[in-house]
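Structure below is data18.pdb: PDB, C-alpha atoms.
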ATOM      1  CA  MET A  10      11.497   8.880  17.480
ATOM      2  CA  ILE A  11       8.477  11.157  17.792
ATOM      3  CA  ILE A  12       5.609  11.111  15.321
ATOM      4  CA  HIS A  13       3.370  14.099  14.693
ATOM      5  CA  GLU A  14      -0.083  14.140  13.182
ATOM      6  CA  LEU A  15      -0.358  16.412  10.152
ATOM      7  CA  MET A  16      -3.115  18.939   9.564
ATOM      8  CA  ALA A  17      -5.322  18.580   6.493
ATOM      9  CA  SER A  18      -3.571  21.555   4.869
ATOM     10  CA  GLU A  19      -0.171  19.853   5.299
ATOM     11  CA  CYS A  20      -1.518  16.623   3.792
ATOM     12  CA  GLY A  21      -2.851  18.628   0.828
ATOM     13  CA  GLU A  22       0.523  20.257   0.279
ATOM     14  CA  ILE A  23       2.238  16.888   0.074
ATOM     15  CA  LEU A  24      -0.420  15.371  -2.200
ATOM     16  CA  ARG A  25      -0.032  18.278  -4.595
ATOM     17  CA  ARG A  26       3.605  17.439  -5.254
ATOM     18  CA  MET A  27       3.243  13.646  -5.174
ATOM     19  CA  SER A  28       1.775  11.458  -7.884
ATOM     20  CA  PHE A  29       2.615   7.931  -6.810
ATOM     21  CA  GLY A  30       0.960   5.855  -4.115
ATOM     22  CA  ARG A  31      -0.903   2.648  -3.426
ATOM     23  CA  LEU A  32      -4.586   1.964  -3.612
ATOM     24  CA  ALA A  33      -6.416  -0.746  -1.676
ATOM     25  CA  CYS A  34      -9.846  -2.004  -2.639
ATOM     26  CA  ALA A  35     -11.761  -4.870  -1.016
ATOM     27  CA  ARG A  36     -14.183  -7.631  -1.957
ATOM     28  CA  PHE A  37     -15.886  -9.841   0.638
ATOM     29  CA  ASN A  38     -13.616  -8.111   3.182
ATOM     30  CA  GLN A  39     -10.460  -9.296   1.369
ATOM     31  CA  PRO A  40      -8.282  -6.233   0.705
ATOM     32  CA  TYR A  41      -6.054  -5.964  -2.367
ATOM     33  CA  ILE A  42      -3.248  -3.390  -2.904
ATOM     34  CA  VAL A  43      -1.912  -2.002  -6.180
ATOM     35  CA  PRO A  44       0.507   0.839  -6.896
ATOM     36  CA  ILE A  45      -1.100   3.756  -8.733
ATOM     37  CA  PHE A  46      -0.303   7.137 -10.184
ATOM     38  CA  PHE A  47      -2.751   9.871  -9.316
ATOM     39  CA  TYR A  48      -3.368  13.546  -9.670
ATOM     40  CA  PHE A  49      -4.700  15.386  -6.610
ATOM     41  CA  ASP A  50      -7.409  17.924  -7.447
ATOM     42  CA  ALA A  51      -7.711  19.968  -4.247
ATOM     43  CA  ASP A  52     -10.698  22.002  -5.474
ATOM     44  CA  ALA A  53     -12.697  18.863  -6.185
ATOM     45  CA  ASN A  54     -11.422  17.068  -3.062
ATOM     46  CA  ARG A  55     -10.480  14.028  -5.096
ATOM     47  CA  LEU A  56      -7.701  12.086  -6.734
ATOM     48  CA  TYR A  57      -7.838  11.219 -10.434
ATOM     49  CA  SER A  58      -6.305   8.148 -11.998
ATOM     50  CA  PHE A  59      -6.787   5.637 -14.788
ATOM     51  CA  SER A  60      -6.321   1.942 -15.351
ATOM     52  CA  THR A  61      -7.040  -0.819 -17.820
ATOM     53  CA  VAL A  62      -9.874  -3.090 -16.704
ATOM     54  CA  GLY A  63      -8.705  -5.801 -14.330
ATOM     55  CA  ARG A  64      -9.244  -7.069 -10.814
ATOM     56  CA  LYS A  65      -8.886  -3.617  -9.251
ATOM     57  CA  ILE A  66     -11.514  -1.954 -11.461
ATOM     58  CA  GLU A  67     -13.887  -4.902 -11.152
ATOM     59  CA  TRP A  68     -13.641  -4.871  -7.367
ATOM     60  CA  MET A  69     -14.105  -1.087  -7.117
ATOM     61  CA  ARG A  70     -17.168  -1.212  -9.364
ATOM     62  CA  GLU A  71     -18.628  -3.723  -6.918
ATOM     63  CA  ASN A  72     -17.455  -1.976  -3.723
ATOM     64  CA  PRO A  73     -16.425   1.676  -4.102
ATOM     65  CA  LYS A  74     -14.796   1.975  -0.647
ATOM     66  CA  VAL A  75     -11.049   2.420  -1.117
ATOM     67  CA  CYS A  76      -7.921   3.554   0.677
ATOM     68  CA  VAL A  77      -4.903   5.363  -0.803
ATOM     69  CA  GLU A  78      -1.525   5.570   0.909
ATOM     70  CA  VAL A  79       1.306   7.925  -0.040
ATOM     71  CA  GLU A  80       4.832   7.993   1.401
ATOM     72  CA  GLU A  81       7.764  10.373   1.372
ATOM     73  CA  ILE A  82      10.682   8.576   2.960
ATOM     74  CA  ALA A  83      14.149  10.063   3.162
ATOM     75  CA  ASP A  84      15.495   8.002   6.044
ATOM     76  CA  GLN A  85      14.351   6.657   9.362
ATOM     77  CA  PHE A  86      14.166  10.081  10.953
ATOM     78  CA  HIS A  87      12.548  11.915   8.083
ATOM     79  CA  TRP A  88       9.424  10.351   6.670
ATOM     80  CA  THR A  89       5.814  11.189   6.092
ATOM     81  CA  THR A  90       2.863   8.943   5.361
ATOM     82  CA  ILE A  91      -0.612   9.988   4.296
ATOM     83  CA  VAL A  92      -3.637   7.704   4.374
ATOM     84  CA  ILE A  93      -6.847   8.571   2.563
ATOM     85  CA  THR A  94     -10.155   6.751   2.734
ATOM     86  CA  GLY A  95     -12.592   7.522  -0.038
ATOM     87  CA  ARG A  96     -14.977   6.327  -2.694
ATOM     88  CA  TYR A  97     -14.372   5.177  -6.262
ATOM     89  CA  LEU A  98     -16.248   7.130  -8.911
ATOM     90  CA  GLU A  99     -15.849   6.065 -12.513
ATOM     91  CA  VAL A 100     -15.778   8.750 -15.175
ATOM     92  CA  SER A 101     -18.095   7.201 -17.726
ATOM     93  CA  ASN A 102     -17.694   7.086 -21.488
ATOM     94  CA  ALA A 103     -21.155   8.623 -21.968
ATOM     95  CA  ALA A 104     -21.442  11.859 -23.920
ATOM     96  CA  GLU A 105     -22.599  13.823 -20.855
ATOM     97  CA  ALA A 106     -19.367  12.938 -19.027
ATOM     98  CA  GLN A 107     -17.253  14.334 -21.847
ATOM     99  CA  ALA A 108     -16.226  17.440 -19.877
ATOM    100  CA  ALA A 109     -15.157  15.363 -16.852
ATOM    101  CA  ARG A 110     -13.114  13.017 -19.047
ATOM    102  CA  GLN A 111     -11.410  15.930 -20.690
ATOM    103  CA  ARG A 112     -10.596  17.533 -17.332
ATOM    104  CA  ALA A 113      -9.078  14.265 -16.093
ATOM    105  CA  GLN A 114      -7.032  13.810 -19.239
ATOM    106  CA  GLU A 115      -5.679  17.351 -18.969
ATOM    107  CA  LEU A 116      -4.601  16.647 -15.407
ATOM    108  CA  PHE A 117      -2.857  13.440 -16.471
ATOM    109  CA  GLN A 118      -0.926  15.268 -19.135
ATOM    110  CA  ARG A 119       0.749  17.423 -16.497
ATOM    111  CA  ARG A 120       2.551  14.310 -15.319
ATOM    112  CA  THR A 121       5.222  12.891 -17.554
ATOM    113  CA  GLN A 122       6.282   9.994 -15.353
ATOM    114  CA  TRP A 123       3.187   7.807 -15.359
ATOM    115  CA  TRP A 124       4.585   4.458 -16.185
ATOM    116  CA  LEU A 125       3.379   1.958 -13.600
ATOM    117  CA  PRO A 126       0.442  -0.543 -13.521
ATOM    118  CA  GLY A 127      -2.608   1.362 -14.763
ATOM    119  CA  GLY A 128      -0.952   2.322 -17.999
ATOM    120  CA  ALA A 129       1.098  -0.771 -18.588
ATOM    121  CA  ASN A 130      -0.088  -4.028 -20.043
ATOM    122  CA  LEU A 131       1.012  -7.556 -19.464
ATOM    123  CA  ALA A 132       3.243  -9.067 -22.085
ATOM    124  CA  SER A 133       0.557 -11.714 -22.471
ATOM    125  CA  GLY A 134      -2.138  -9.514 -23.935
ATOM    126  CA  ALA A 135      -4.828  -6.859 -23.427
ATOM    127  CA  GLU A 136      -2.632  -4.499 -25.338
ATOM    128  CA  HIS A 137      -4.933  -1.906 -26.750
ATOM    129  CA  GLU A 138      -7.751  -1.737 -24.268
ATOM    130  CA  GLU A 139      -9.348   1.623 -23.589
ATOM    131  CA  PRO A 140      -8.352   2.721 -20.060
ATOM    132  CA  VAL A 141     -10.954   3.461 -17.414
ATOM    133  CA  ILE A 142     -10.702   6.962 -15.951
ATOM    134  CA  TYR A 143     -11.765   7.243 -12.336
ATOM    135  CA  SER A 144     -11.619   9.512  -9.339
ATOM    136  CA  ILE A 145     -11.400   8.849  -5.611
ATOM    137  CA  LEU A 146     -13.645  11.210  -3.675
ATOM    138  CA  ILE A 147     -11.826  11.873  -0.385
ATOM    139  CA  ASP A 148     -13.859  11.109   2.762
ATOM    140  CA  ALA A 149     -11.042  11.322   5.304
ATOM    141  CA  MET A 150      -7.329  12.025   5.212
ATOM    142  CA  SER A 151      -4.670  11.703   7.885
ATOM    143  CA  GLY A 152      -0.923  12.161   7.863
ATOM    144  CA  ARG A 153       2.008  11.402  10.095
ATOM    145  CA  ARG A 154       5.496  12.829  10.083
ATOM    146  CA  ALA A 155       8.481  11.531  11.968
ATOM    147  CA  ALA A 156      10.889  13.794  13.778
ATOM    148  CA  ARG A 157      14.042  13.214  15.764
ATOM    149  CA  PRO A 158      13.444  13.875  19.447
ATOM    150  CA  VAL A 159      15.223  17.053  20.592
TER
ATOM    151  CA  MET B 169       7.097  -1.309 -21.528
ATOM    152  CA  ILE B 170       6.550  -5.036 -21.090
ATOM    153  CA  ILE B 171       5.553  -6.567 -17.766
ATOM    154  CA  HIS B 172       6.332 -10.140 -16.816
ATOM    155  CA  GLU B 173       4.658 -12.270 -14.185
ATOM    156  CA  LEU B 174       7.121 -13.671 -11.631
ATOM    157  CA  MET B 175       7.245 -17.266 -10.479
ATOM    158  CA  ALA B 176       6.684 -18.034  -6.799
ATOM    159  CA  SER B 177      10.395 -18.771  -6.369
ATOM    160  CA  GLU B 178      11.306 -15.334  -7.748
ATOM    161  CA  CYS B 179       8.808 -13.660  -5.402
ATOM    162  CA  GLY B 180      10.349 -15.567  -2.494
ATOM    163  CA  GLU B 181      13.833 -14.417  -3.443
ATOM    164  CA  ILE B 182      12.752 -10.782  -3.381
ATOM    165  CA  LEU B 183      10.838 -11.137  -0.111
ATOM    166  CA  ARG B 184      13.912 -12.630   1.535
ATOM    167  CA  ARG B 185      15.940  -9.483   0.957
ATOM    168  CA  MET B 186      13.125  -6.980   1.568
ATOM    169  CA  SER B 187      11.702  -5.976   4.904
ATOM    170  CA  PHE B 188       9.492  -2.998   4.139
ATOM    171  CA  GLY B 189       6.045  -3.004   2.569
ATOM    172  CA  ARG B 190       2.441  -2.032   3.079
ATOM    173  CA  LEU B 191      -0.340  -3.973   4.697
ATOM    174  CA  ALA B 192      -4.038  -3.514   3.972
ATOM    175  CA  CYS B 193      -6.752  -4.746   6.300
ATOM    176  CA  ALA B 194     -10.500  -4.180   5.936
ATOM    177  CA  ARG B 195     -13.579  -3.664   8.088
ATOM    178  CA  PHE B 196     -17.102  -3.604   6.628
ATOM    179  CA  ASN B 197     -15.403  -3.703   3.219
ATOM    180  CA  GLN B 198     -13.506  -0.463   3.916
ATOM    181  CA  PRO B 199      -9.792  -1.115   3.283
ATOM    182  CA  TYR B 200      -7.057   0.633   5.256
ATOM    183  CA  ILE B 201      -3.323   0.721   4.350
ATOM    184  CA  VAL B 202      -0.345   1.087   6.666
ATOM    185  CA  PRO B 203       3.402   0.743   6.042
ATOM    186  CA  ILE B 204       4.976  -2.178   7.882
ATOM    187  CA  PHE B 205       8.278  -3.887   8.421
ATOM    188  CA  PHE B 206       8.213  -7.641   8.114
ATOM    189  CA  TYR B 207      10.412 -10.684   8.117
ATOM    190  CA  PHE B 208       9.675 -13.367   5.501
ATOM    191  CA  ASP B 209       9.909 -16.899   6.874
ATOM    192  CA  ALA B 210       9.935 -19.077   3.748
ATOM    193  CA  ASP B 211       9.805 -22.366   5.664
ATOM    194  CA  ALA B 212       6.668 -21.306   7.496
ATOM    195  CA  ASN B 213       5.162 -19.614   4.407
ATOM    196  CA  ARG B 214       4.472 -16.474   6.394
ATOM    197  CA  LEU B 215       5.559 -12.947   7.202
ATOM    198  CA  TYR B 216       6.232 -11.868  10.774
ATOM    199  CA  SER B 217       5.737  -8.375  12.111
ATOM    200  CA  PHE B 218       4.744  -6.465  15.217
ATOM    201  CA  SER B 219       2.774  -3.386  16.134
ATOM    202  CA  THR B 220       1.370  -1.495  19.068
ATOM    203  CA  VAL B 221      -2.406  -1.916  19.412
ATOM    204  CA  GLY B 222      -4.342   0.498  17.215
ATOM    205  CA  ARG B 223      -6.806   0.548  14.355
ATOM    206  CA  LYS B 224      -4.820  -1.961  12.270
ATOM    207  CA  ILE B 225      -4.601  -4.606  15.015
ATOM    208  CA  GLU B 226      -8.232  -4.092  16.032
ATOM    209  CA  TRP B 227      -9.420  -4.507  12.453
ATOM    210  CA  MET B 228      -7.273  -7.605  11.832
ATOM    211  CA  ARG B 229      -8.531  -9.231  15.032
ATOM    212  CA  GLU B 230     -12.047  -8.756  13.677
ATOM    213  CA  ASN B 231     -11.271  -9.719  10.058
ATOM    214  CA  PRO B 232      -8.017 -11.624   9.483
ATOM    215  CA  LYS B 233      -8.019 -11.239   5.666
ATOM    216  CA  VAL B 234      -5.117  -8.989   4.680
ATOM    217  CA  CYS B 235      -2.978  -7.982   1.719
ATOM    218  CA  VAL B 236       0.720  -7.060   1.718
ATOM    219  CA  GLU B 237       2.419  -5.198  -1.115
ATOM    220  CA  VAL B 238       6.185  -4.871  -1.618
ATOM    221  CA  GLU B 239       7.983  -2.768  -4.225
ATOM    222  CA  GLU B 240      11.489  -2.526  -5.615
ATOM    223  CA  ILE B 241      11.596   0.513  -7.861
ATOM    224  CA  ALA B 242      14.766   1.740  -9.520
ATOM    225  CA  ASP B 243      13.199   3.708 -12.353
ATOM    226  CA  GLN B 244      10.374   3.426 -14.810
ATOM    227  CA  PHE B 245      11.998   0.566 -16.696
ATOM    228  CA  HIS B 246      13.211  -1.412 -13.721
ATOM    229  CA  TRP B 247      10.647  -2.169 -11.075
ATOM    230  CA  THR B 248       9.081  -5.135  -9.366
ATOM    231  CA  THR B 249       5.923  -5.369  -7.296
ATOM    232  CA  ILE B 250       4.762  -8.306  -5.204
ATOM    233  CA  VAL B 251       1.240  -8.678  -3.861
ATOM    234  CA  ILE B 252       0.392 -11.201  -1.157
ATOM    235  CA  THR B 253      -3.018 -12.116   0.165
ATOM    236  CA  GLY B 254      -3.093 -13.902   3.480
ATOM    237  CA  ARG B 255      -4.469 -14.222   6.964
ATOM    238  CA  TYR B 256      -3.561 -12.466  10.197
ATOM    239  CA  LEU B 257      -2.494 -14.747  13.026
ATOM    240  CA  GLU B 258      -1.650 -13.190  16.350
ATOM    241  CA  VAL B 259       1.164 -14.705  18.382
ATOM    242  CA  SER B 260      -0.443 -14.762  21.801
ATOM    243  CA  ASN B 261       1.096 -13.868  25.144
ATOM    244  CA  ALA B 262       0.072 -17.213  26.599
ATOM    245  CA  ALA B 263       2.761 -19.481  28.040
ATOM    246  CA  GLU B 264       2.208 -22.139  25.344
ATOM    247  CA  ALA B 265       3.034 -19.605  22.630
ATOM    248  CA  GLN B 266       6.369 -18.792  24.227
ATOM    249  CA  ALA B 267       8.396 -20.643  21.583
ATOM    250  CA  ALA B 268       6.591 -18.862  18.724
ATOM    251  CA  ARG B 269       7.135 -15.464  20.344
ATOM    252  CA  GLN B 270      10.791 -16.188  20.806
ATOM    253  CA  ARG B 271      11.181 -17.312  17.190
ATOM    254  CA  ALA B 272       9.518 -14.089  15.986
ATOM    255  CA  GLN B 273      11.684 -11.937  18.220
ATOM    256  CA  GLU B 274      14.836 -13.641  16.961
ATOM    257  CA  LEU B 275      13.771 -12.920  13.389
ATOM    258  CA  PHE B 276      13.145  -9.260  14.206
ATOM    259  CA  GLN B 277      16.597  -8.921  15.691
ATOM    260  CA  ARG B 278      18.155  -9.736  12.334
ATOM    261  CA  ARG B 279      16.804  -6.437  11.074
ATOM    262  CA  THR B 280      18.394  -3.283  12.370
ATOM    263  CA  GLN B 281      16.338  -0.798  10.393
ATOM    264  CA  TRP B 282      12.884  -1.277  11.831
ATOM    265  CA  TRP B 283      11.843   2.195  12.585
ATOM    266  CA  LEU B 284       8.425   2.842  11.010
ATOM    267  CA  PRO B 285       4.823   2.704  12.377
ATOM    268  CA  GLY B 286       4.578  -0.556  14.314
ATOM    269  CA  GLY B 287       7.442   0.316  16.590
ATOM    270  CA  ALA B 288       6.932   4.028  16.834
ATOM    271  CA  ASN B 289       4.499   5.828  19.076
ATOM    272  CA  LEU B 290       2.615   9.040  18.643
ATOM    273  CA  ALA B 291       3.983  12.024  20.502
ATOM    274  CA  SER B 292       0.587  12.187  22.191
ATOM    275  CA  GLY B 293       0.847   9.000  24.211
ATOM    276  CA  ALA B 294       0.729   5.186  24.324
ATOM    277  CA  GLU B 295       4.431   5.242  24.960
ATOM    278  CA  HIS B 296       5.193   2.029  26.721
ATOM    279  CA  GLU B 297       2.608  -0.359  25.439
ATOM    280  CA  GLU B 298       3.584  -3.987  24.875
ATOM    281  CA  PRO B 299       3.691  -4.618  21.102
ATOM    282  CA  VAL B 300       1.547  -7.292  19.491
ATOM    283  CA  ILE B 301       3.533  -9.884  17.540
ATOM    284  CA  TYR B 302       1.715 -11.332  14.551
ATOM    285  CA  SER B 303       2.248 -13.325  11.393
ATOM    286  CA  ILE B 304       0.590 -13.238   7.985
ATOM    287  CA  LEU B 305       0.012 -16.754   6.654
ATOM    288  CA  ILE B 306       0.438 -16.497   2.875
ATOM    289  CA  ASP B 307      -2.524 -17.768   0.829
ATOM    290  CA  ALA B 308      -1.489 -16.399  -2.569
ATOM    291  CA  MET B 309       1.438 -14.420  -3.933
ATOM    292  CA  SER B 310       1.979 -12.787  -7.305
ATOM    293  CA  GLY B 311       4.716 -10.610  -8.699
ATOM    294  CA  ARG B 312       5.306  -8.422 -11.712
ATOM    295  CA  ARG B 313       8.530  -7.134 -13.153
ATOM    296  CA  ALA B 314       8.898  -4.457 -15.789
ATOM    297  CA  ALA B 315      11.340  -4.752 -18.656
ATOM    298  CA  ARG B 316      12.283  -2.522 -21.528
ATOM    299  CA  PRO B 317      11.003  -3.938 -24.796
ATOM    300  CA  VAL B 318      13.873  -5.265 -26.943
TER
END
Spit out the file's structure as structure tokens when you get a sec.
Amino acid sequence: MIIHELMASECGEILRRMSFGRLACARFNQPYIVPIFFYFDADANRLYSFSTVGRKIEWMRENPKVCVEVEEIADQFHWTTIVITGRYLEVSNAAEAQAARQRAQELFQRRTQWWLPGGANLASGAEHEEPVIYSILIDAMSGRRAARPV
Amino acid sequence: MIIHELMASECGEILRRMSFGRLACARFNQPYIVPIFFYFDADANRLYSFSTVGRKIEWMRENPKVCVEVEEIADQFHWTTIVITGRYLEVSNAAEAQAARQRAQELFQRRTQWWLPGGANLASGAEHEEPVIYSILIDAMSGRRAARPV
């Protein structure tokens, strides 16, 4: 199998049609991975997402350095992975961030299939907490695509 | 949607039949995610995997704290995620580690579908490098399963 590096434009194309990936944050050099839904805003060079407050949000508030990974896997000869490193930026509840919050919420509404972690709550509680809206400002992005050797 | 926490035994059951997940390592608090294949050795409380030398191996040699995430997703009402935190342990090439290397290689041979990153090489080079065999000693493991509310 041969693996090709993708150009930034190819990574962007894939991110535009994907909305599911995994985010890693770290505290005291201990990484932690969670699945997330996101919306890629190419103009702003960032991903948008939301989550109820929990370990992930607490860690990212402390250390904004994150990594996001996205996969498209058909079979062993046809797969693509994209890895993004970036910085967590919370969209605050303050009045002056109203426009940014609204923009993020509009983006989220274009996706109907957002059902995983961020939105969901444990059966044990925390049912009606206000979600945190955040963005990941993209610092670097790389992609790999597998191809059958010819 | 209601989400249930899994017991350790349920996590173990899932890990035994899965072999694909994502590993996050970190350097200077910057996390980095890569897809991996692994073999779960319940008796040894660890995952085994291998990889050619690259960023991931270099980072884990420097900071052994890692996280592994595994998903089983059927649809929005039927999904399970498992998150493991643990420590990277390299299986050395030294003569005294011969038995451990052999054990790991036997485990790998039970999987026929190991085709992603670790094994593969970039078209640009590093073709015949000896892979590094490593294990992740599991420190903590948690799992969540989604269910439709009744």
**Message:** I want to know what sits within 12 Å of B:Arg229, based on all atoms listed in the file, with residues of the same chain fewer than 4 positions away left out; could you give that as number ranges by chain?
**Reply:** B: 193-195, 221-225, 233-234, 255-260, 300, 302
**Request:** Output the residue selection produced by the PyMOL selection byres ((chain A) within 10 of (chain B)) on the file above, formatted as a PyMOL selection string.
**Result:** chain A and resi 10-14+31-44+72-80+84-86+88+90-96+122-126+128-133+153-156+158
Matching every Cα in sequence order between the two identical chains, what are the coordinates of chain A once fitted onto chain B? Write them as a short mmCIF file (atom, residue, chain, number, x, y, z; two decimals) with C-alpha atoms, keeping the file's coordinate frame.
data_model
loop_
_atom_site.label_atom_id
_atom_site.label_comp_id
_atom_site.auth_asym_id
_atom_site.auth_seq_id
_atom_site.Cartn_x
_atom_site.Cartn_y
_atom_site.Cartn_z
CA MET A 10 7.08 -1.31 -21.56
CA ILE A 11 6.54 -5.04 -21.09
CA ILE A 12 5.55 -6.56 -17.77
CA HIS A 13 6.33 -10.14 -16.82
CA GLU A 14 4.67 -12.27 -14.19
CA LEU A 15 7.11 -13.66 -11.64
CA MET A 16 7.23 -17.26 -10.47
CA ALA A 17 6.67 -18.03 -6.79
CA SER A 18 10.39 -18.78 -6.37
CA GLU A 19 11.29 -15.32 -7.74
CA CYS A 20 8.80 -13.65 -5.39
CA GLY A 21 10.36 -15.57 -2.48
CA GLU A 22 13.83 -14.41 -3.43
CA ILE A 23 12.76 -10.78 -3.37
CA LEU A 24 10.84 -11.13 -0.09
CA ARG A 25 13.91 -12.63 1.55
CA ARG A 26 15.94 -9.48 0.96
CA MET A 27 13.13 -6.98 1.58
CA SER A 28 11.70 -5.97 4.93
CA PHE A 29 9.49 -3.00 4.15
CA GLY A 30 6.05 -3.00 2.58
CA ARG A 31 2.44 -2.02 3.09
CA LEU A 32 -0.34 -3.97 4.70
CA ALA A 33 -4.04 -3.51 3.98
CA CYS A 34 -6.76 -4.75 6.29
CA ALA A 35 -10.50 -4.19 5.91
CA ARG A 36 -13.58 -3.67 8.06
CA PHE A 37 -17.11 -3.59 6.61
CA ASN A 38 -15.40 -3.70 3.19
CA GLN A 39 -13.49 -0.45 3.90
CA PRO A 40 -9.79 -1.12 3.27
CA TYR A 41 -7.05 0.63 5.25
CA ILE A 42 -3.32 0.72 4.35
CA VAL A 43 -0.34 1.09 6.68
CA PRO A 44 3.40 0.75 6.04
CA ILE A 45 4.98 -2.18 7.88
CA PHE A 46 8.28 -3.89 8.43
CA PHE A 47 8.22 -7.65 8.12
CA TYR A 48 10.41 -10.68 8.12
CA PHE A 49 9.68 -13.36 5.52
CA ASP A 50 9.93 -16.90 6.89
CA ALA A 51 9.94 -19.06 3.75
CA ASP A 52 9.82 -22.36 5.66
CA ALA A 53 6.68 -21.31 7.50
CA ASN A 54 5.17 -19.61 4.43
CA ARG A 55 4.48 -16.47 6.41
CA LEU A 56 5.57 -12.96 7.20
CA TYR A 57 6.23 -11.87 10.79
CA SER A 58 5.73 -8.38 12.12
CA PHE A 59 4.75 -6.47 15.24
CA SER A 60 2.77 -3.39 16.13
CA THR A 61 1.35 -1.50 19.07
CA VAL A 62 -2.41 -1.92 19.41
CA GLY A 63 -4.33 0.49 17.20
CA ARG A 64 -6.80 0.53 14.34
CA LYS A 65 -4.82 -1.97 12.27
CA ILE A 66 -4.61 -4.61 15.00
CA GLU A 67 -8.23 -4.11 16.01
CA TRP A 68 -9.42 -4.52 12.44
CA MET A 69 -7.28 -7.62 11.82
CA ARG A 70 -8.53 -9.25 15.01
CA GLU A 71 -12.05 -8.77 13.66
CA ASN A 72 -11.27 -9.72 10.03
CA PRO A 73 -8.02 -11.63 9.47
CA LYS A 74 -8.01 -11.26 5.66
CA VAL A 75 -5.12 -9.00 4.67
CA CYS A 76 -2.98 -7.99 1.72
CA VAL A 77 0.72 -7.06 1.72
CA GLU A 78 2.43 -5.20 -1.11
CA VAL A 79 6.18 -4.87 -1.60
CA GLU A 80 7.99 -2.77 -4.22
CA GLU A 81 11.50 -2.53 -5.60
CA ILE A 82 11.60 0.50 -7.85
CA ALA A 83 14.77 1.72 -9.51
CA ASP A 84 13.22 3.69 -12.35
CA GLN A 85 10.38 3.42 -14.79
CA PHE A 86 11.98 0.57 -16.69
CA HIS A 87 13.20 -1.43 -13.74
CA TRP A 88 10.64 -2.18 -11.08
CA THR A 89 9.07 -5.12 -9.36
CA THR A 90 5.92 -5.36 -7.29
CA ILE A 91 4.76 -8.30 -5.21
CA VAL A 92 1.24 -8.68 -3.85
CA ILE A 93 0.40 -11.20 -1.15
CA THR A 94 -3.03 -12.12 0.16
CA GLY A 95 -3.09 -13.90 3.48
CA ARG A 96 -4.47 -14.24 6.97
CA TYR A 97 -3.56 -12.48 10.20
CA LEU A 98 -2.50 -14.77 13.03
CA GLU A 99 -1.66 -13.19 16.36
CA VAL A 100 1.15 -14.71 18.39
CA SER A 101 -0.46 -14.76 21.80
CA ASN A 102 1.08 -13.86 25.14
CA ALA A 103 0.05 -17.22 26.60
CA ALA A 104 2.74 -19.48 28.03
CA GLU A 105 2.20 -22.14 25.33
CA ALA A 106 3.03 -19.59 22.61
CA GLN A 107 6.36 -18.78 24.24
CA ALA A 108 8.39 -20.63 21.59
CA ALA A 109 6.60 -18.85 18.73
CA ARG A 110 7.14 -15.45 20.36
CA GLN A 111 10.79 -16.19 20.82
CA ARG A 112 11.18 -17.30 17.20
CA ALA A 113 9.52 -14.09 15.99
CA GLN A 114 11.68 -11.92 18.22
CA GLU A 115 14.83 -13.63 16.96
CA LEU A 116 13.77 -12.92 13.39
CA PHE A 117 13.13 -9.26 14.21
CA GLN A 118 16.57 -8.90 15.70
CA ARG A 119 18.15 -9.73 12.35
CA ARG A 120 16.80 -6.43 11.07
CA THR A 121 18.39 -3.28 12.37
CA GLN A 122 16.34 -0.79 10.39
CA TRP A 123 12.87 -1.27 11.83
CA TRP A 124 11.82 2.22 12.58
CA LEU A 125 8.43 2.85 11.01
CA PRO A 126 4.82 2.68 12.37
CA GLY A 127 4.58 -0.56 14.33
CA GLY A 128 7.46 0.33 16.57
CA ALA A 129 6.93 4.04 16.83
CA ASN A 130 4.50 5.82 19.08
CA LEU A 131 2.64 9.04 18.67
CA ALA A 132 4.02 12.02 20.50
CA SER A 133 0.65 12.20 22.21
CA GLY A 134 0.91 9.01 24.21
CA ALA A 135 0.76 5.20 24.33
CA GLU A 136 4.46 5.24 24.94
CA HIS A 137 5.22 2.02 26.69
CA GLU A 138 2.61 -0.36 25.40
CA GLU A 139 3.58 -3.98 24.86
CA PRO A 140 3.69 -4.63 21.09
CA VAL A 141 1.54 -7.30 19.48
CA ILE A 142 3.52 -9.89 17.53
CA TYR A 143 1.71 -11.34 14.54
CA SER A 144 2.24 -13.33 11.40
CA ILE A 145 0.59 -13.25 7.98
CA LEU A 146 0.02 -16.76 6.67
CA ILE A 147 0.45 -16.50 2.88
CA ASP A 148 -2.51 -17.77 0.83
CA ALA A 149 -1.47 -16.41 -2.56
CA MET A 150 1.44 -14.42 -3.92
CA SER A 151 1.98 -12.79 -7.29
CA GLY A 152 4.72 -10.61 -8.70
CA ARG A 153 5.30 -8.42 -11.70
CA ARG A 154 8.52 -7.12 -13.16
CA ALA A 155 8.90 -4.45 -15.79
CA ALA A 156 11.32 -4.74 -18.66
CA ARG A 157 12.26 -2.50 -21.54
CA PRO A 158 10.98 -3.92 -24.81
CA VAL A 159 13.85 -5.21 -26.98
#
**Request:** May I ask for the distance between atom CA of A:Phe49 and atom CA of B:Glu240, given in Å to one decimal place?
**Result:** 24.2 Å
**Request:** Determine the residue set returned by the PyMOL selection byres ((chain A and resi 112) around 12) for the present structure, and present it as a list in words.
**Result:**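 Listing what the PyMOL selection byres ((chain A and resi 112) around 12) selects in the shown file: Tyr48, Asp50, Ala53, Tyr57, Ser58, Val100, Ala106, Gln107, Ala108, Ala109, Arg110, Gln111, Ala113, Gln114, Glu115, Leu116, Phe117, Gln118, Arg119, Ile142, Tyr143 and Ser144 of chain A.
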**Prompt:** With all atoms listed in the file as the basis for distance, which of B:Arg214, B:Ile241, B:Pro299, B:Ser219 is at the shortest distance from B:Gly180?
**Reply:**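 Among the listed residues, the smallest separation from B:Gly180 belongs to B:Arg214.
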**Request:** State, in Å with one decimal place, the distance from atom CA of B:Arg185 to atom CA of B:Ala210.
**Result:** 11.7 Å
